[in-house]
$ cat entry_4.cif   # mmCIF, N, CA and C atoms
data_data
#
loop_
_atom_site.label_atom_id
_atom_site.label_comp_id
_atom_site.auth_asym_id
_atom_site.auth_seq_id
_atom_site.Cartn_x
_atom_site.Cartn_y
_atom_site.Cartn_z
N MET V 1 -16.29 64.57 -54.54
CA MET V 1 -16.71 65.33 -53.38
C MET V 1 -16.39 66.81 -53.62
N ASN V 2 -17.33 67.62 -53.33
CA ASN V 2 -17.14 69.05 -53.51
C ASN V 2 -16.12 69.57 -52.50
N ILE V 3 -15.25 70.46 -52.95
CA ILE V 3 -14.19 70.97 -52.07
C ILE V 3 -14.77 71.76 -50.90
N TRP V 4 -15.90 72.43 -51.12
CA TRP V 4 -16.50 73.21 -50.03
C TRP V 4 -17.08 72.31 -48.94
N ILE V 5 -17.52 71.13 -49.32
CA ILE V 5 -17.98 70.18 -48.30
C ILE V 5 -16.81 69.74 -47.45
N ALA V 6 -15.67 69.46 -48.07
CA ALA V 6 -14.47 69.07 -47.33
C ALA V 6 -14.02 70.19 -46.40
N ILE V 7 -14.07 71.43 -46.89
CA ILE V 7 -13.67 72.57 -46.05
C ILE V 7 -14.63 72.73 -44.87
N GLY V 8 -15.92 72.58 -45.12
CA GLY V 8 -16.90 72.69 -44.04
C GLY V 8 -16.75 71.60 -43.00
N VAL V 9 -16.54 70.36 -43.46
CA VAL V 9 -16.35 69.24 -42.52
C VAL V 9 -15.09 69.46 -41.69
N THR V 10 -14.03 69.93 -42.32
CA THR V 10 -12.78 70.20 -41.60
C THR V 10 -12.97 71.30 -40.57
N ALA V 11 -13.67 72.36 -40.95
CA ALA V 11 -13.92 73.46 -40.01
C ALA V 11 -14.75 72.98 -38.82
N LEU V 12 -15.79 72.19 -39.08
CA LEU V 12 -16.60 71.66 -37.98
C LEU V 12 -15.79 70.72 -37.09
N GLY V 13 -14.93 69.92 -37.70
CA GLY V 13 -14.08 69.03 -36.90
C GLY V 13 -13.13 69.80 -36.00
N CYS V 14 -12.53 70.86 -36.54
CA CYS V 14 -11.63 71.70 -35.73
C CYS V 14 -12.38 72.35 -34.58
N TYR V 15 -13.59 72.83 -34.86
CA TYR V 15 -14.40 73.45 -33.82
C TYR V 15 -14.76 72.43 -32.74
N ALA V 16 -15.10 71.21 -33.16
CA ALA V 16 -15.46 70.17 -32.19
C ALA V 16 -14.28 69.80 -31.30
N VAL V 17 -13.08 69.72 -31.87
CA VAL V 17 -11.89 69.42 -31.07
C VAL V 17 -11.62 70.54 -30.07
N LYS V 18 -11.74 71.78 -30.51
CA LYS V 18 -11.53 72.93 -29.63
C LYS V 18 -12.58 72.93 -28.51
N LEU V 19 -13.83 72.65 -28.84
CA LEU V 19 -14.90 72.61 -27.85
C LEU V 19 -14.66 71.48 -26.85
N ALA V 20 -14.21 70.34 -27.33
CA ALA V 20 -13.93 69.22 -26.42
C ALA V 20 -12.82 69.58 -25.44
N GLY V 21 -11.82 70.32 -25.92
CA GLY V 21 -10.75 70.75 -25.02
C GLY V 21 -11.23 71.72 -23.97
N LEU V 22 -12.17 72.57 -24.32
CA LEU V 22 -12.70 73.53 -23.35
C LEU V 22 -13.63 72.88 -22.33
N LEU V 23 -14.22 71.75 -22.68
CA LEU V 23 -15.16 71.07 -21.79
C LEU V 23 -14.47 70.16 -20.77
N VAL V 24 -13.16 69.94 -20.93
CA VAL V 24 -12.43 69.10 -19.98
C VAL V 24 -12.33 69.86 -18.65
N PRO V 25 -12.69 69.21 -17.54
CA PRO V 25 -12.62 69.89 -16.25
C PRO V 25 -11.19 70.31 -15.89
N ALA V 26 -11.06 71.44 -15.21
CA ALA V 26 -9.74 71.96 -14.83
C ALA V 26 -9.00 70.98 -13.93
N SER V 27 -9.72 70.24 -13.11
CA SER V 27 -9.05 69.29 -12.21
C SER V 27 -8.33 68.20 -12.99
N ALA V 28 -8.86 67.83 -14.14
CA ALA V 28 -8.21 66.80 -14.96
C ALA V 28 -6.96 67.34 -15.64
N VAL V 29 -6.98 68.60 -16.00
CA VAL V 29 -5.85 69.20 -16.72
C VAL V 29 -4.69 69.54 -15.78
N GLU V 30 -4.98 69.79 -14.53
CA GLU V 30 -3.95 70.22 -13.59
C GLU V 30 -3.24 69.08 -12.88
N ARG V 31 -3.50 67.86 -13.25
CA ARG V 31 -2.80 66.72 -12.65
C ARG V 31 -1.35 66.74 -13.11
N PRO V 32 -0.41 66.32 -12.24
CA PRO V 32 1.01 66.36 -12.60
C PRO V 32 1.35 65.53 -13.84
N LEU V 33 0.76 64.36 -13.98
CA LEU V 33 1.04 63.51 -15.14
C LEU V 33 0.58 64.19 -16.43
N VAL V 34 -0.59 64.78 -16.41
CA VAL V 34 -1.11 65.46 -17.60
C VAL V 34 -0.24 66.66 -17.95
N ARG V 35 0.20 67.40 -16.95
CA ARG V 35 1.08 68.55 -17.21
C ARG V 35 2.40 68.10 -17.83
N ARG V 36 2.98 67.01 -17.31
CA ARG V 36 4.23 66.50 -17.86
C ARG V 36 4.06 66.04 -19.30
N LEU V 37 2.98 65.32 -19.56
CA LEU V 37 2.71 64.86 -20.92
C LEU V 37 2.47 66.02 -21.87
N ALA V 38 1.75 67.03 -21.40
CA ALA V 38 1.48 68.19 -22.25
C ALA V 38 2.76 68.95 -22.56
N ALA V 39 3.72 68.93 -21.66
CA ALA V 39 4.99 69.61 -21.91
C ALA V 39 5.88 68.82 -22.86
N LEU V 40 5.81 67.50 -22.81
CA LEU V 40 6.69 66.66 -23.63
C LEU V 40 6.12 66.29 -24.98
N LEU V 41 4.82 66.34 -25.15
CA LEU V 41 4.20 65.91 -26.39
C LEU V 41 4.64 66.72 -27.61
N PRO V 42 4.70 68.06 -27.55
CA PRO V 42 5.16 68.79 -28.73
C PRO V 42 6.59 68.45 -29.15
N VAL V 43 7.46 68.20 -28.17
CA VAL V 43 8.84 67.84 -28.48
C VAL V 43 8.89 66.49 -29.18
N ALA V 44 8.12 65.53 -28.69
CA ALA V 44 8.09 64.21 -29.32
C ALA V 44 7.52 64.27 -30.73
N LEU V 45 6.47 65.05 -30.92
CA LEU V 45 5.88 65.16 -32.26
C LEU V 45 6.83 65.85 -33.23
N LEU V 46 7.54 66.87 -32.77
CA LEU V 46 8.49 67.55 -33.64
C LEU V 46 9.67 66.64 -33.99
N ALA V 47 10.12 65.85 -33.03
CA ALA V 47 11.21 64.91 -33.30
C ALA V 47 10.78 63.85 -34.31
N ALA V 48 9.56 63.35 -34.17
CA ALA V 48 9.06 62.35 -35.12
C ALA V 48 8.91 62.95 -36.51
N LEU V 49 8.42 64.17 -36.60
CA LEU V 49 8.28 64.82 -37.90
C LEU V 49 9.64 65.06 -38.54
N THR V 50 10.61 65.48 -37.75
CA THR V 50 11.96 65.70 -38.27
C THR V 50 12.56 64.39 -38.79
N ALA V 51 12.43 63.33 -38.04
CA ALA V 51 12.96 62.04 -38.47
C ALA V 51 12.27 61.55 -39.74
N GLN V 52 10.96 61.71 -39.80
CA GLN V 52 10.23 61.25 -40.99
C GLN V 52 10.63 62.06 -42.22
N GLN V 53 10.77 63.36 -42.09
CA GLN V 53 11.13 64.19 -43.22
C GLN V 53 12.59 64.01 -43.63
N THR V 54 13.44 63.60 -42.70
CA THR V 54 14.86 63.44 -42.99
C THR V 54 15.18 62.09 -43.60
N PHE V 55 14.59 61.03 -43.08
CA PHE V 55 15.01 59.69 -43.46
C PHE V 55 14.02 58.92 -44.32
N ALA V 56 12.91 59.54 -44.72
CA ALA V 56 11.92 58.83 -45.52
C ALA V 56 11.71 59.52 -46.85
N ASP V 57 11.48 58.70 -47.86
CA ASP V 57 11.12 59.20 -49.19
C ASP V 57 10.02 58.28 -49.70
N GLY V 58 8.79 58.67 -49.48
CA GLY V 58 7.68 57.79 -49.80
C GLY V 58 7.65 56.65 -48.81
N HIS V 59 7.81 55.42 -49.31
CA HIS V 59 7.83 54.25 -48.44
C HIS V 59 9.24 53.70 -48.24
N ALA V 60 10.24 54.44 -48.72
CA ALA V 60 11.61 53.95 -48.64
C ALA V 60 12.40 54.74 -47.59
N LEU V 61 13.33 54.06 -46.98
CA LEU V 61 14.25 54.69 -46.02
C LEU V 61 15.47 55.17 -46.80
N VAL V 62 15.84 56.44 -46.64
CA VAL V 62 16.96 57.00 -47.39
C VAL V 62 17.96 57.66 -46.44
N LEU V 63 19.19 57.70 -46.90
CA LEU V 63 20.24 58.37 -46.16
C LEU V 63 20.96 59.27 -47.17
N ASP V 64 20.62 60.55 -47.16
CA ASP V 64 21.18 61.47 -48.15
C ASP V 64 21.68 62.75 -47.47
N ALA V 65 21.73 63.83 -48.22
CA ALA V 65 22.26 65.09 -47.72
C ALA V 65 21.47 65.64 -46.54
N ARG V 66 20.19 65.32 -46.46
CA ARG V 66 19.38 65.79 -45.34
C ARG V 66 19.89 65.24 -44.01
N ALA V 67 20.37 64.00 -44.03
CA ALA V 67 20.91 63.40 -42.81
C ALA V 67 22.18 64.11 -42.37
N ALA V 68 23.00 64.51 -43.33
CA ALA V 68 24.22 65.25 -43.00
C ALA V 68 23.87 66.61 -42.41
N GLY V 69 22.86 67.26 -42.95
CA GLY V 69 22.41 68.54 -42.41
C GLY V 69 21.86 68.40 -41.00
N LEU V 70 21.11 67.33 -40.76
CA LEU V 70 20.59 67.08 -39.41
C LEU V 70 21.74 66.81 -38.44
N GLY V 71 22.74 66.09 -38.90
CA GLY V 71 23.91 65.85 -38.05
C GLY V 71 24.65 67.14 -37.71
N ALA V 72 24.77 68.02 -38.69
CA ALA V 72 25.42 69.31 -38.44
C ALA V 72 24.62 70.14 -37.45
N ALA V 73 23.30 70.11 -37.57
CA ALA V 73 22.45 70.82 -36.62
C ALA V 73 22.59 70.24 -35.22
N ALA V 74 22.68 68.92 -35.12
CA ALA V 74 22.84 68.28 -33.82
C ALA V 74 24.17 68.68 -33.17
N VAL V 75 25.22 68.72 -33.96
CA VAL V 75 26.53 69.15 -33.43
C VAL V 75 26.45 70.60 -32.95
N ALA V 76 25.81 71.45 -33.74
CA ALA V 76 25.68 72.86 -33.34
C ALA V 76 24.86 72.99 -32.06
N LEU V 77 23.84 72.16 -31.91
CA LEU V 77 23.06 72.20 -30.67
C LEU V 77 23.87 71.74 -29.47
N VAL V 78 24.68 70.70 -29.66
CA VAL V 78 25.53 70.22 -28.56
C VAL V 78 26.52 71.30 -28.14
N LEU V 79 26.98 72.07 -29.11
CA LEU V 79 27.92 73.16 -28.82
C LEU V 79 27.22 74.41 -28.33
N ARG V 80 25.90 74.33 -28.12
CA ARG V 80 25.09 75.43 -27.60
C ARG V 80 25.10 76.67 -28.49
N ALA V 81 25.04 76.45 -29.79
CA ALA V 81 25.00 77.55 -30.75
C ALA V 81 23.60 78.17 -30.74
N PRO V 82 23.50 79.44 -31.10
CA PRO V 82 22.18 80.08 -31.21
C PRO V 82 21.36 79.40 -32.31
N PHE V 83 20.04 79.53 -32.20
CA PHE V 83 19.14 78.82 -33.11
C PHE V 83 19.42 79.15 -34.57
N LEU V 84 19.61 80.41 -34.89
CA LEU V 84 19.86 80.78 -36.28
C LEU V 84 21.14 80.15 -36.81
N LEU V 85 22.15 80.01 -35.97
CA LEU V 85 23.39 79.36 -36.38
C LEU V 85 23.16 77.86 -36.59
N VAL V 86 22.32 77.26 -35.78
CA VAL V 86 21.98 75.84 -35.95
C VAL V 86 21.32 75.63 -37.31
N VAL V 87 20.34 76.48 -37.63
CA VAL V 87 19.65 76.36 -38.92
C VAL V 87 20.62 76.63 -40.07
N ALA V 88 21.47 77.64 -39.92
CA ALA V 88 22.44 77.96 -40.97
C ALA V 88 23.41 76.81 -41.20
N ALA V 89 23.87 76.19 -40.13
CA ALA V 89 24.78 75.05 -40.26
C ALA V 89 24.11 73.91 -41.01
N ALA V 90 22.86 73.63 -40.68
CA ALA V 90 22.14 72.56 -41.36
C ALA V 90 21.96 72.88 -42.85
N VAL V 91 21.63 74.11 -43.16
CA VAL V 91 21.43 74.51 -44.55
C VAL V 91 22.73 74.43 -45.34
N VAL V 92 23.81 74.96 -44.77
CA VAL V 92 25.09 74.98 -45.48
C VAL V 92 25.60 73.56 -45.71
N VAL V 93 25.53 72.71 -44.72
CA VAL V 93 26.03 71.34 -44.87
C VAL V 93 25.16 70.56 -45.87
N THR V 94 23.83 70.70 -45.77
CA THR V 94 22.97 70.01 -46.73
C THR V 94 23.25 70.47 -48.15
N ALA V 95 23.35 71.77 -48.35
CA ALA V 95 23.64 72.30 -49.70
C ALA V 95 25.02 71.85 -50.18
N GLY V 96 25.99 71.84 -49.28
CA GLY V 96 27.34 71.41 -49.66
C GLY V 96 27.39 69.97 -50.09
N VAL V 97 26.71 69.10 -49.33
CA VAL V 97 26.70 67.68 -49.67
C VAL V 97 25.97 67.46 -50.99
N ARG V 98 24.88 68.18 -51.21
CA ARG V 98 24.16 68.03 -52.48
C ARG V 98 24.99 68.57 -53.65
N ALA V 99 25.76 69.63 -53.39
CA ALA V 99 26.59 70.22 -54.47
C ALA V 99 27.70 69.29 -54.91
N ILE V 100 28.25 68.50 -53.97
CA ILE V 100 29.33 67.59 -54.34
C ILE V 100 28.79 66.24 -54.82
N GLY V 101 27.43 66.14 -54.87
CA GLY V 101 26.83 64.93 -55.43
C GLY V 101 26.50 63.87 -54.42
N GLY V 102 26.39 64.23 -53.17
CA GLY V 102 26.08 63.22 -52.13
C GLY V 102 24.63 62.98 -51.93
#
$ encode --input "entry_4.cif" --output "C-alpha cells"
Amino acid sequence: MNIWIAIGVTALGCYAVKLAGLLVPASAVERPLVRRLAALLPVALLAALTAQQTFADGHALVLDARAAGLGAAAVALVLRAPFLLVVAAAVVVTAGVRAIGG
C-alpha cells in the first residue's frame, strides 16, 4: 500500500470524526451525564495509557524500574508536590533503580 494513500485515508478519517462531532446537536452535548463523561474520559484514558506503558512489555506483564518510578510519582502526588517535582521524583527513582540493576 502506498504511504500517501494511508496518509490520505487517515486525513479523511480525522475530518469525518471532526465533522461528526460538529453535527451532534447542542442539546445532546449539554446533558449532565454527557458532561460528566466528557470530563472523566481523558483521565481514564491517561490512567490506562500509564498503566499499559508501565506494566506491559509486548504481551508480557512486567514489574521493573518503571513501577518504582510510578510509585514515587504517586507518593509525590499524595504529598501535593508541584507537577515538575512529581515528574522529577519519578525520573530520579526510575533511573536510580535501573542504575542499581533493578
$ resolve_selection --input "entry_4.cif" --expression "the PyMOL selection byres ((chain V and resi 50-66) around 6.5)" --output "VMD selection string"
chain V and resid 45 to 49 67 to 71 93 to 94 97 to 98 102
$ select_by_dssp --input "entry_4.cif" --residues "region 54-85 of chain V" --states "strand (DSSP E or B)" --output "list in words"
Ala56, Asp57, Ala60 and Leu61 of chain V
$ atom_distance --input "entry_4.cif" --atom1 "atom N of Ala73 (chain V)" --atom2 "atom C of Gly96 (chain V)"
13.2 Å
$ closest_residue --input "entry_4.cif" --among "V:Ile5, V:Ala20, V:Ala72, V:Ala38" --to "Ala90 (chain V)" --atoms "all atoms listed in the file"
V:Ala72
$ atom_distance --input "entry_4.cif" --atom1 "CA of Ala11 (chain V)" --atom2 "CA of Ala26 (chain V)"
25.6 Å
$ select_by_dssp --input "entry_4.cif" --residues "region 36-89 of chain V" --states "alpha helix (DSSP H)" --output "count of residues only"
41
$ atom_distance --input "entry_4.cif" --atom1 "atom C of Val92 (chain V)" --atom2 "CA of Pro42 (chain V)"
27.0 Å
$ axis_aligned_box --input "entry_4.cif" --around "region 2-11 of chain V" --padding-each-side "6 Å" --output "lines of an AutoDock Vina configuration file"
center_x = -15.4
center_y = 70.5
center_z = -46.2
size_x = 17.2
size_y = 17.8
size_z = 26.7
$ residues_around --input "entry_4.cif" --residues "Ala76 (chain V)" --least-positions-apart "5" --cutoff "6.5 Å" --atoms "all atoms listed in the file" --output "list of chain:residue names"
V:Gly71, V:Ala81, V:Leu85, V:Val86
